[in-house]
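To keep things clear, I will list the structure first and then write my remarks on it.
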Amino acid sequence: MSIENNFQKATLSRYGKGLGDFPAGQAVSTANTLGWNVLKEDLSLPLAVLSGQRIEHNLNWMKQFIETYKVKLAPHGKTTMSPALFQKQLAHGAWGITLATAPQTQAAYHHGVRRVLLANQLVGRGNMAIIARLQQDPSFDFACIVDSPANVDQLGQFFADAGQKLKVLIELGVPGGRTGVRNEAEEDAVLAAIARWPQSLALVGIELYEGVLKEEADIRAFLQRGAAQMKRLHAEGRFAPGTIILTGAGSAWFDVVAEEWTQLDIGRPLDVVLRPGCYLTHDVGIYKSAETRIQANNPVARSMHASLLPALQVWAYVQSLPEPGLAIIALGKRDAAFDAGLPIPALHFRPGDAAPKAAPDAWKVTAMMDQHAFMQIDAGADIQIGDMIAFDISHPCLTFDKWRQLAILDEAFNVTEIVETFF
């Protein structure tokens, strides 16, 4: 059975908030046949939704961007942990999927993903065992990062005992950052450790994460260090045969990574792999700010005459109007990210009306509890208990993490698809 057919026949593995009365045994792919519409209150709220039109726009935007720069894309799957969305990204030109843990990798594999870049250290026998089991499939292509001789030796011994070879990339880091070697001395110690395990480890590239830095000049210097180290290790014959990987780029600085690395030539096949994950849904907060910078400074982005669009919202009911100037919304920290800014009221809909209208600028979420949001409203606001509010959010990763299912909507707010997450 093909992967596509597996998706078509899959039923919901768990019932959670937001979907309402989903029929038992109903195939996920037939959700569009139920005739559900958010404005008709066919689904329970709160509800996380994705704009199908905007998702498609963002997929095509990134496809054009990477094709213009002639780089590869391995979007970070931890953003959504939704295999159905992974498949859309792969269908729009992604080279593979980036993940952060062995269990995430296992979930992606069991939903058809066959190339994974683990942008993290693989530590612990239980995690190594997951990868060893997946590597029994010759079609599975996997690599992880290393930054210490201790981890290298642990990996070398485990995969030697398993009779397998593990592909690794050296991670470069910066003082005050998170993981990664800080200097050439540390890098040389890791290289020496890799050389102790020629039968079970293969060095295939260099990885870094520039997002730990804040200033563009520092980021460019870090990227230039990565390019210089790539040339050095190639000249020293450190890499295993085959195509080498040079990878970086979170969701905020992928344009700068592309600019710095796209012309790099080391005299052998090289894949420059970008890893942004949040481009798929974008947001109205931290990534909107990044997009503003990209549109102002990046010539490729400007030439495309379009920008990424926020595609994720959370809908909720007005639950109580306990005092003037205050509405309590049935939306809380368990439903939407709040670490990078509180949800922003975007649409206001009263069941029975013809269509939603823009929420007034004066409406503002000022605080959140587990299941409640405090929304400031203007005096005399036209708002009633049972009204529906759609909220834009900042930082999609932590919103996806709170939902087991999300509904994809068309422009008329009809449910066209349901996607599951596997955090």
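For the structure tokens, the naming scheme is as follows: chains receive sequential letters (A, B, ...) according to their order of presentation, residues are indexed from 1 within each chain, and ligands are indexed from 1 in presentation order.
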- [ ] From stretch 195-327 of chain A, collect each residue whose DSSP state is strand (DSSP E or B) and return the set as a PyMOL selection string.
- [x] chain A and resi 201-208+244-248+270-274+312-323+326-327
Selection file, N, CA, C and O atoms, as a tab-separated table (two decimals), in the first residue's frame:
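Once written, part_8.tsv looks like this:
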chain	number	residue	atom	x	y	z
A	201	LEU	N	30.95	5.16	11.99
A	201	LEU	CA	30.59	6.56	11.86
A	201	LEU	C	31.14	7.14	10.56
A	201	LEU	O	32.25	6.82	10.16
A	202	ALA	N	30.33	7.99	9.91
A	202	ALA	CA	30.75	8.66	8.69
A	202	ALA	C	30.48	10.15	8.83
A	202	ALA	O	29.33	10.56	9.06
A	203	LEU	N	31.52	10.96	8.71
A	203	LEU	CA	31.36	12.41	8.78
A	203	LEU	C	30.88	12.91	7.42
A	203	LEU	O	31.59	12.76	6.42
A	204	VAL	N	29.69	13.52	7.40
A	204	VAL	CA	29.10	13.91	6.12
A	204	VAL	C	28.87	15.42	6.02
A	204	VAL	O	28.35	15.88	5.00
A	205	GLY	N	29.25	16.20	7.04
A	205	GLY	CA	29.04	17.62	6.89
A	205	GLY	C	29.18	18.43	8.17
A	205	GLY	O	29.68	17.94	9.18
A	206	ILE	N	28.74	19.67	8.07
A	206	ILE	CA	28.80	20.64	9.17
A	206	ILE	C	27.42	21.23	9.36
A	206	ILE	O	26.69	21.52	8.39
A	207	GLU	N	27.05	21.42	10.63
A	207	GLU	CA	25.77	22.02	10.99
A	207	GLU	C	26.00	23.16	11.96
A	207	GLU	O	26.94	23.13	12.76
A	208	LEU	N	25.13	24.17	11.89
A	208	LEU	CA	25.11	25.22	12.90
A	208	LEU	C	23.71	25.79	12.99
A	208	LEU	O	22.87	25.58	12.10
A	244	ILE	N	28.43	16.19	0.42
A	244	ILE	CA	28.59	16.77	1.76
A	244	ILE	C	27.40	17.69	2.04
A	244	ILE	O	26.80	18.26	1.14
A	245	ILE	N	27.08	17.83	3.33
A	245	ILE	CA	25.97	18.68	3.76
A	245	ILE	C	26.52	19.84	4.58
A	245	ILE	O	27.33	19.66	5.48
A	246	LEU	N	26.07	21.04	4.24
A	246	LEU	CA	26.31	22.23	5.06
A	246	LEU	C	24.93	22.79	5.39
A	246	LEU	O	24.18	23.19	4.49
A	247	THR	N	24.57	22.81	6.66
A	247	THR	CA	23.19	23.14	7.00
A	247	THR	C	23.08	24.12	8.17
A	247	THR	O	23.86	24.06	9.12
A	248	GLY	N	22.13	25.01	8.05
A	248	GLY	CA	21.80	25.98	9.08
A	248	GLY	C	20.42	26.52	8.79
A	248	GLY	O	19.67	25.96	8.01
A	270	LEU	N	28.04	19.37	-2.98
A	270	LEU	CA	27.71	19.97	-1.69
A	270	LEU	C	26.24	20.34	-1.68
A	270	LEU	O	25.77	21.03	-2.58
A	271	ASP	N	25.52	19.88	-0.67
A	271	ASP	CA	24.14	20.30	-0.46
A	271	ASP	C	24.09	21.32	0.66
A	271	ASP	O	24.45	21.02	1.81
A	272	VAL	N	23.67	22.54	0.32
A	272	VAL	CA	23.37	23.54	1.34
A	272	VAL	C	21.91	23.37	1.71
A	272	VAL	O	21.02	23.49	0.87
A	273	VAL	N	21.66	23.05	2.98
A	273	VAL	CA	20.31	22.68	3.43
A	273	VAL	C	19.82	23.70	4.44
A	273	VAL	O	20.42	23.89	5.50
A	274	LEU	N	18.71	24.37	4.11
A	274	LEU	CA	18.06	25.30	5.02
A	274	LEU	C	16.97	24.57	5.80
A	274	LEU	O	16.32	23.67	5.28
A	312	LEU	N	-2.38	30.42	10.62
A	312	LEU	CA	-2.86	29.70	11.80
A	312	LEU	C	-3.67	30.64	12.69
A	312	LEU	O	-3.21	31.74	13.02
A	313	GLN	N	-4.85	30.20	13.07
A	313	GLN	CA	-5.68	30.95	14.01
A	313	GLN	C	-6.29	29.99	15.02
A	313	GLN	O	-6.38	28.78	14.78
A	314	VAL	N	-6.71	30.54	16.14
A	314	VAL	CA	-7.48	29.79	17.13
A	314	VAL	C	-8.80	30.52	17.36
A	314	VAL	O	-8.81	31.71	17.68
A	315	TRP	N	-9.90	29.80	17.16
A	315	TRP	CA	-11.25	30.34	17.37
A	315	TRP	C	-11.74	29.98	18.76
A	315	TRP	O	-11.47	28.88	19.27
A	316	ALA	N	-12.48	30.89	19.39
A	316	ALA	CA	-13.01	30.63	20.73
A	316	ALA	C	-14.27	31.46	20.94
A	316	ALA	O	-14.51	32.46	20.26
A	317	TYR	N	-15.08	31.04	21.92
A	317	TYR	CA	-16.31	31.73	22.25
A	317	TYR	C	-16.08	32.81	23.31
A	317	TYR	O	-15.23	32.66	24.19
A	318	VAL	N	-16.91	33.85	23.24
A	318	VAL	CA	-17.05	34.76	24.37
A	318	VAL	C	-17.84	34.02	25.44
A	318	VAL	O	-18.97	33.58	25.21
A	319	GLN	N	-17.24	33.86	26.60
A	319	GLN	CA	-17.82	33.03	27.65
A	319	GLN	C	-18.56	33.83	28.71
A	319	GLN	O	-19.57	33.38	29.27
A	320	SER	N	-18.05	35.02	29.00
A	320	SER	CA	-18.64	35.81	30.08
A	320	SER	C	-18.32	37.28	29.85
A	320	SER	O	-17.27	37.62	29.29
A	321	LEU	N	-19.27	38.14	30.27
A	321	LEU	CA	-19.07	39.59	30.25
A	321	LEU	C	-19.30	40.09	31.68
A	321	LEU	O	-20.32	40.73	31.98
A	322	PRO	N	-18.37	39.84	32.58
A	322	PRO	CA	-18.62	40.02	34.01
A	322	PRO	C	-18.63	41.47	34.48
A	322	PRO	O	-19.20	41.77	35.53
A	323	GLU	N	-18.01	42.37	33.72
A	323	GLU	CA	-17.96	43.77	34.15
A	323	GLU	C	-17.66	44.63	32.94
A	323	GLU	O	-17.16	44.14	31.91
A	326	LEU	N	-14.61	44.35	29.99
A	326	LEU	CA	-13.93	43.05	30.09
A	326	LEU	C	-14.80	41.95	29.50
A	326	LEU	O	-15.98	41.82	29.83
A	327	ALA	N	-14.19	41.17	28.62
A	327	ALA	CA	-14.80	39.94	28.11
A	327	ALA	C	-13.89	38.78	28.48
A	327	ALA	O	-12.67	38.86	28.32
What are the closest atom pairs, with distances in Å to one decimal, for all residues of stretch 300-371 of chain A lying within 8 Å of stretch 284-290 of chain A? Consider only C-alpha atoms, order rows by chain and residue number, and present the result as CSV.
residue,atom,partner,partner_atom,distance
A:Pro310,CA,A:Val284,CA,6.3
A:Ala340,CA,A:Ile286,CA,7.0
A:Gly341,CA,A:Gly285,CA,7.1
Got a sec: who's within 10 Å of A:Leu34, counting only C-alpha atoms, leaving out chain neighbours fewer than 4 positions off, as a JSON list (two decimals) with C-alpha atoms, in the first residue's frame?
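Contents of selection_3.json, as written:
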[["chain", "number", "residue", "atom", "x", "y", "z"],
["A", 22, "PHE", "CA", -16.36, 13.21, 14.59],
["A", 23, "PRO", "CA", -17.89, 9.87, 13.51],
["A", 26, "GLN", "CA", -14.38, 7.98, 9.81],
["A", 30, "THR", "CA", -13.13, 12.24, 4.15],
["A", 42, "ASP", "CA", -20.38, 22.38, 13.42],
["A", 414, "ASN", "CA", -15.60, 25.00, 5.30],
["A", 415, "VAL", "CA", -13.49, 22.14, 6.66],
["A", 416, "THR", "CA", -11.57, 20.62, 3.76]]
- [ ] Point out the residue among A:Ile170, A:Leu50, A:Leu280, A:Met368 with the least atom-to-atom distance to A:His92, counting only C-alpha atoms.
- [x] A:Leu280
- [ ] Measuring atom to atom with only C-alpha atoms, identify which of A:Val300, A:Val168, A:Ile344, A:Ala160 is nearest to A:Ala358.
- [x]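 For A:Ala358, the nearest of the given residues is A:Ile344.
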Task: Between atom CA of A:Ser251 and atom CA of A:Ala390 - distance in Å to one decimal - done: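 Separating atom CA of A:Ala390 from atom CA of A:Ser251 is a distance of 24.4 Å.
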Open item on the list: When you look at A:Asn37 with a cut-off of 9 Å (counting only C-alpha atoms), what residues show up, excluding the ones that are within fewer than 2 positions of it in the same chain? I need them as a VMD selection string.
Closed with: chain A and resid 35 39 to 43 409 412 to 415
Write a file of the just-selected residues containing all heavy atoms, as a PDB file, in the first residue's frame.
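Dumped everything to again.pdb:
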ATOM      1  N   GLY A  35     -19.395  18.164   5.498  1.00  0.00           N
ATOM      2  CA  GLY A  35     -20.116  19.421   5.344  1.00  0.00           C
ATOM      3  C   GLY A  35     -19.941  20.380   6.502  1.00  0.00           C
ATOM      4  O   GLY A  35     -20.754  21.295   6.700  1.00  0.00           O
ATOM      5  N   LEU A  39     -18.413  28.562  10.884  1.00  0.00           N
ATOM      6  CA  LEU A  39     -19.385  29.601  11.197  1.00  0.00           C
ATOM      7  C   LEU A  39     -20.761  29.026  11.529  1.00  0.00           C
ATOM      8  O   LEU A  39     -21.581  29.697  12.160  1.00  0.00           O
ATOM      9  CB  LEU A  39     -19.504  30.581  10.029  1.00  0.00           C
ATOM     10  CG  LEU A  39     -18.200  31.257   9.582  1.00  0.00           C
ATOM     11  CD1 LEU A  39     -18.485  32.293   8.514  1.00  0.00           C
ATOM     12  CD2 LEU A  39     -17.453  31.873  10.752  1.00  0.00           C
ATOM     13  N   LYS A  40     -21.003  27.798  11.114  1.00  0.00           N
ATOM     14  CA  LYS A  40     -22.274  27.143  11.436  1.00  0.00           C
ATOM     15  C   LYS A  40     -22.200  26.394  12.771  1.00  0.00           C
ATOM     16  O   LYS A  40     -23.142  25.695  13.129  1.00  0.00           O
ATOM     17  CB  LYS A  40     -22.663  26.182  10.318  1.00  0.00           C
ATOM     18  CG  LYS A  40     -22.970  26.878   8.995  1.00  0.00           C
ATOM     19  CD  LYS A  40     -23.307  25.864   7.912  1.00  0.00           C
ATOM     20  CE  LYS A  40     -23.595  26.543   6.584  1.00  0.00           C
ATOM     21  NZ  LYS A  40     -23.879  25.548   5.509  1.00  0.00           N
ATOM     22  N   GLU A  41     -21.084  26.525  13.455  1.00  0.00           N
ATOM     23  CA  GLU A  41     -20.867  25.890  14.759  1.00  0.00           C
ATOM     24  C   GLU A  41     -20.944  24.362  14.672  1.00  0.00           C
ATOM     25  O   GLU A  41     -21.417  23.683  15.575  1.00  0.00           O
ATOM     26  CB  GLU A  41     -21.857  26.416  15.801  1.00  0.00           C
ATOM     27  CG  GLU A  41     -21.738  27.907  16.061  1.00  0.00           C
ATOM     28  CD  GLU A  41     -22.611  28.371  17.210  1.00  0.00           C
ATOM     29  OE1 GLU A  41     -23.786  28.684  16.945  1.00  0.00           O
ATOM     30  OE2 GLU A  41     -22.116  28.394  18.365  1.00  0.00           O
ATOM     31  N   ASP A  42     -20.426  23.830  13.575  1.00  0.00           N
ATOM     32  CA  ASP A  42     -20.379  22.375  13.423  1.00  0.00           C
ATOM     33  C   ASP A  42     -19.237  21.758  14.213  1.00  0.00           C
ATOM     34  O   ASP A  42     -19.195  20.536  14.377  1.00  0.00           O
ATOM     35  CB  ASP A  42     -20.221  22.002  11.942  1.00  0.00           C
ATOM     36  CG  ASP A  42     -21.434  22.374  11.114  1.00  0.00           C
ATOM     37  OD1 ASP A  42     -22.564  22.247  11.641  1.00  0.00           O
ATOM     38  OD2 ASP A  42     -21.268  22.783   9.957  1.00  0.00           O
ATOM     39  N   LEU A  43     -18.315  22.577  14.668  1.00  0.00           N
ATOM     40  CA  LEU A  43     -17.169  22.097  15.439  1.00  0.00           C
ATOM     41  C   LEU A  43     -17.197  22.750  16.818  1.00  0.00           C
ATOM     42  O   LEU A  43     -17.726  23.847  16.988  1.00  0.00           O
ATOM     43  CB  LEU A  43     -15.845  22.432  14.743  1.00  0.00           C
ATOM     44  CG  LEU A  43     -15.652  21.796  13.358  1.00  0.00           C
ATOM     45  CD1 LEU A  43     -16.096  22.744  12.264  1.00  0.00           C
ATOM     46  CD2 LEU A  43     -14.199  21.395  13.147  1.00  0.00           C
ATOM     47  N   LEU A 409      -9.215  24.980   6.542  1.00  0.00           N
ATOM     48  CA  LEU A 409     -10.429  25.624   6.063  1.00  0.00           C
ATOM     49  C   LEU A 409     -10.227  26.245   4.690  1.00  0.00           C
ATOM     50  O   LEU A 409      -9.119  26.697   4.353  1.00  0.00           O
ATOM     51  CB  LEU A 409     -10.871  26.731   7.027  1.00  0.00           C
ATOM     52  CG  LEU A 409     -11.009  26.391   8.510  1.00  0.00           C
ATOM     53  CD1 LEU A 409     -11.466  27.631   9.268  1.00  0.00           C
ATOM     54  CD2 LEU A 409     -11.968  25.230   8.732  1.00  0.00           C
ATOM     55  N   ALA A 412     -14.405  29.959   2.615  1.00  0.00           N
ATOM     56  CA  ALA A 412     -15.757  30.084   3.158  1.00  0.00           C
ATOM     57  C   ALA A 412     -15.875  29.437   4.535  1.00  0.00           C
ATOM     58  O   ALA A 412     -16.977  29.251   5.033  1.00  0.00           O
ATOM     59  CB  ALA A 412     -16.767  29.456   2.192  1.00  0.00           C
ATOM     60  N   PHE A 413     -14.736  29.092   5.138  1.00  0.00           N
ATOM     61  CA  PHE A 413     -14.666  28.495   6.479  1.00  0.00           C
ATOM     62  C   PHE A 413     -15.214  27.069   6.523  1.00  0.00           C
ATOM     63  O   PHE A 413     -15.572  26.563   7.585  1.00  0.00           O
ATOM     64  CB  PHE A 413     -15.368  29.382   7.522  1.00  0.00           C
ATOM     65  CG  PHE A 413     -14.794  30.768   7.605  1.00  0.00           C
ATOM     66  CD1 PHE A 413     -15.342  31.809   6.884  1.00  0.00           C
ATOM     67  CD2 PHE A 413     -13.670  31.022   8.392  1.00  0.00           C
ATOM     68  CE1 PHE A 413     -14.793  33.088   6.939  1.00  0.00           C
ATOM     69  CE2 PHE A 413     -13.121  32.290   8.463  1.00  0.00           C
ATOM     70  CZ  PHE A 413     -13.684  33.330   7.734  1.00  0.00           C
ATOM     71  N   ASN A 414     -15.267  26.410   5.363  1.00  0.00           N
ATOM     72  CA  ASN A 414     -15.604  24.996   5.302  1.00  0.00           C
ATOM     73  C   ASN A 414     -14.375  24.159   5.651  1.00  0.00           C
ATOM     74  O   ASN A 414     -13.251  24.504   5.264  1.00  0.00           O
ATOM     75  CB  ASN A 414     -16.080  24.604   3.898  1.00  0.00           C
ATOM     76  CG  ASN A 414     -17.340  25.326   3.498  1.00  0.00           C
ATOM     77  OD1 ASN A 414     -18.340  25.287   4.203  1.00  0.00           O
ATOM     78  ND2 ASN A 414     -17.300  25.993   2.343  1.00  0.00           N
ATOM     79  N   VAL A 415     -14.583  23.051   6.346  1.00  0.00           N
ATOM     80  CA  VAL A 415     -13.487  22.143   6.663  1.00  0.00           C
ATOM     81  C   VAL A 415     -13.190  21.289   5.437  1.00  0.00           C
ATOM     82  O   VAL A 415     -14.043  20.539   4.954  1.00  0.00           O
ATOM     83  CB  VAL A 415     -13.840  21.241   7.861  1.00  0.00           C
ATOM     84  CG1 VAL A 415     -12.721  20.228   8.110  1.00  0.00           C
ATOM     85  CG2 VAL A 415     -14.078  22.080   9.111  1.00  0.00           C
TER      86      VAL A 415
END
Open item on the list: Please list as a PyMOL selection string every residue within 7 Å of stretch 134-146 of chain A, counting only C-alpha atoms and excluding residues in the same chain fewer than 6 positions away.
Closed with: chain A and resi 114-122+152+166-171
Task: Filtered DSSP result for stretch 158-304 of chain A, state helix (DSSP H, G or I), as a PyMOL selection string - done: chain A and resi 158-161+184-195+210-212+216-235+254-261+278-280+286-297+299-303
Show me, as a PDB file with all heavy atoms, in the first residue's frame, the residues that have an atom within 8 Å of A:Ser51 when counting only C-alpha atoms, minus same-chain residues fewer than 4 positions from it.
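Output file selection_38.pdb follows:
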ATOM      1  N   ILE A  55      -1.706  28.313   3.385  1.00  0.00           N
ATOM      2  CA  ILE A  55      -0.709  27.246   3.451  1.00  0.00           C
ATOM      3  C   ILE A  55      -0.139  26.982   2.063  1.00  0.00           C
ATOM      4  O   ILE A  55       1.083  26.870   1.875  1.00  0.00           O
ATOM      5  CB  ILE A  55      -1.330  25.960   4.029  1.00  0.00           C
ATOM      6  CG1 ILE A  55      -1.616  26.118   5.532  1.00  0.00           C
ATOM      7  CG2 ILE A  55      -0.433  24.755   3.768  1.00  0.00           C
ATOM      8  CD1 ILE A  55      -0.393  26.105   6.405  1.00  0.00           C
ATOM      9  N   ALA A 311      -1.134  31.832   8.624  1.00  0.00           N
ATOM     10  CA  ALA A 311      -2.141  30.847   8.218  1.00  0.00           C
ATOM     11  C   ALA A 311      -2.770  30.110   9.388  1.00  0.00           C
ATOM     12  O   ALA A 311      -3.619  29.246   9.184  1.00  0.00           O
ATOM     13  CB  ALA A 311      -1.509  29.824   7.261  1.00  0.00           C
ATOM     14  N   LEU A 312      -2.379  30.422  10.616  1.00  0.00           N
ATOM     15  CA  LEU A 312      -2.859  29.705  11.802  1.00  0.00           C
ATOM     16  C   LEU A 312      -3.668  30.642  12.695  1.00  0.00           C
ATOM     17  O   LEU A 312      -3.212  31.740  13.018  1.00  0.00           O
ATOM     18  CB  LEU A 312      -1.663  29.150  12.580  1.00  0.00           C
ATOM     19  CG  LEU A 312      -1.921  28.521  13.945  1.00  0.00           C
ATOM     20  CD1 LEU A 312      -2.805  27.283  13.822  1.00  0.00           C
ATOM     21  CD2 LEU A 312      -0.597  28.166  14.625  1.00  0.00           C
ATOM     22  N   ILE A 408      -8.221  22.279   8.469  1.00  0.00           N
ATOM     23  CA  ILE A 408      -7.855  23.154   7.358  1.00  0.00           C
ATOM     24  C   ILE A 408      -9.150  23.662   6.735  1.00  0.00           C
ATOM     25  O   ILE A 408     -10.064  22.890   6.432  1.00  0.00           O
ATOM     26  CB  ILE A 408      -6.992  22.423   6.322  1.00  0.00           C
ATOM     27  CG1 ILE A 408      -5.653  22.007   6.958  1.00  0.00           C
ATOM     28  CG2 ILE A 408      -6.739  23.313   5.104  1.00  0.00           C
ATOM     29  CD1 ILE A 408      -4.695  21.329   5.999  1.00  0.00           C
ATOM     30  N   LEU A 409      -9.215  24.980   6.542  1.00  0.00           N
ATOM     31  CA  LEU A 409     -10.429  25.624   6.063  1.00  0.00           C
ATOM     32  C   LEU A 409     -10.227  26.245   4.690  1.00  0.00           C
ATOM     33  O   LEU A 409      -9.119  26.697   4.353  1.00  0.00           O
ATOM     34  CB  LEU A 409     -10.871  26.731   7.027  1.00  0.00           C
ATOM     35  CG  LEU A 409     -11.009  26.391   8.510  1.00  0.00           C
ATOM     36  CD1 LEU A 409     -11.466  27.631   9.268  1.00  0.00           C
ATOM     37  CD2 LEU A 409     -11.968  25.230   8.732  1.00  0.00           C
ATOM     38  N   ASP A 410     -11.313  26.289   3.906  1.00  0.00           N
ATOM     39  CA  ASP A 410     -11.270  27.075   2.678  1.00  0.00           C
ATOM     40  C   ASP A 410     -11.694  28.501   2.998  1.00  0.00           C
ATOM     41  O   ASP A 410     -11.929  28.865   4.157  1.00  0.00           O
ATOM     42  CB  ASP A 410     -12.124  26.425   1.583  1.00  0.00           C
ATOM     43  CG  ASP A 410     -13.621  26.385   1.915  1.00  0.00           C
ATOM     44  OD1 ASP A 410     -14.068  27.109   2.840  1.00  0.00           O
ATOM     45  OD2 ASP A 410     -14.354  25.627   1.242  1.00  0.00           O
ATOM     46  N   GLU A 411     -11.835  29.322   1.975  1.00  0.00           N
ATOM     47  CA  GLU A 411     -12.127  30.738   2.193  1.00  0.00           C
ATOM     48  C   GLU A 411     -13.538  30.981   2.733  1.00  0.00           C
ATOM     49  O   GLU A 411     -13.835  32.064   3.253  1.00  0.00           O
ATOM     50  CB  GLU A 411     -11.927  31.518   0.889  1.00  0.00           C
ATOM     51  CG  GLU A 411     -10.473  31.584   0.448  1.00  0.00           C
ATOM     52  CD  GLU A 411      -9.569  32.186   1.517  1.00  0.00           C
ATOM     53  OE1 GLU A 411      -9.645  33.412   1.717  1.00  0.00           O
ATOM     54  OE2 GLU A 411      -8.804  31.444   2.158  1.00  0.00           O
TER      55      GLU A 411
END
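For the choices A:Met81, A:Asp188, A:Ala354, A:Ile131, the atom-to-atom distance to A:Ile97 is smallest for A:Met81 when using only C-alpha atoms.
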Task: Contacts of A:Leu331 at 6 Å (only C-alpha atoms; same-chain gap of 3+ positions) as a count of residues only - done: 4
Open item on the list: Please determine, counting only C-alpha atoms, which residue among A:Thr399, A:Gln376, A:Gln154, A:Gln224 has the shortest atom-to-atom distance to A:Gly124.
Closed with: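 Ranked by minimum distance to A:Gly124, first place goes to A:Gln154.
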Open item on the list: I'd like to know which of A:Asp265, A:Glu215, A:Asp147, A:Asp161 is closest to A:Glu187, using only C-alpha atoms.
Closed with: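 Selected residue with least distance to A:Glu187: A:Asp147.
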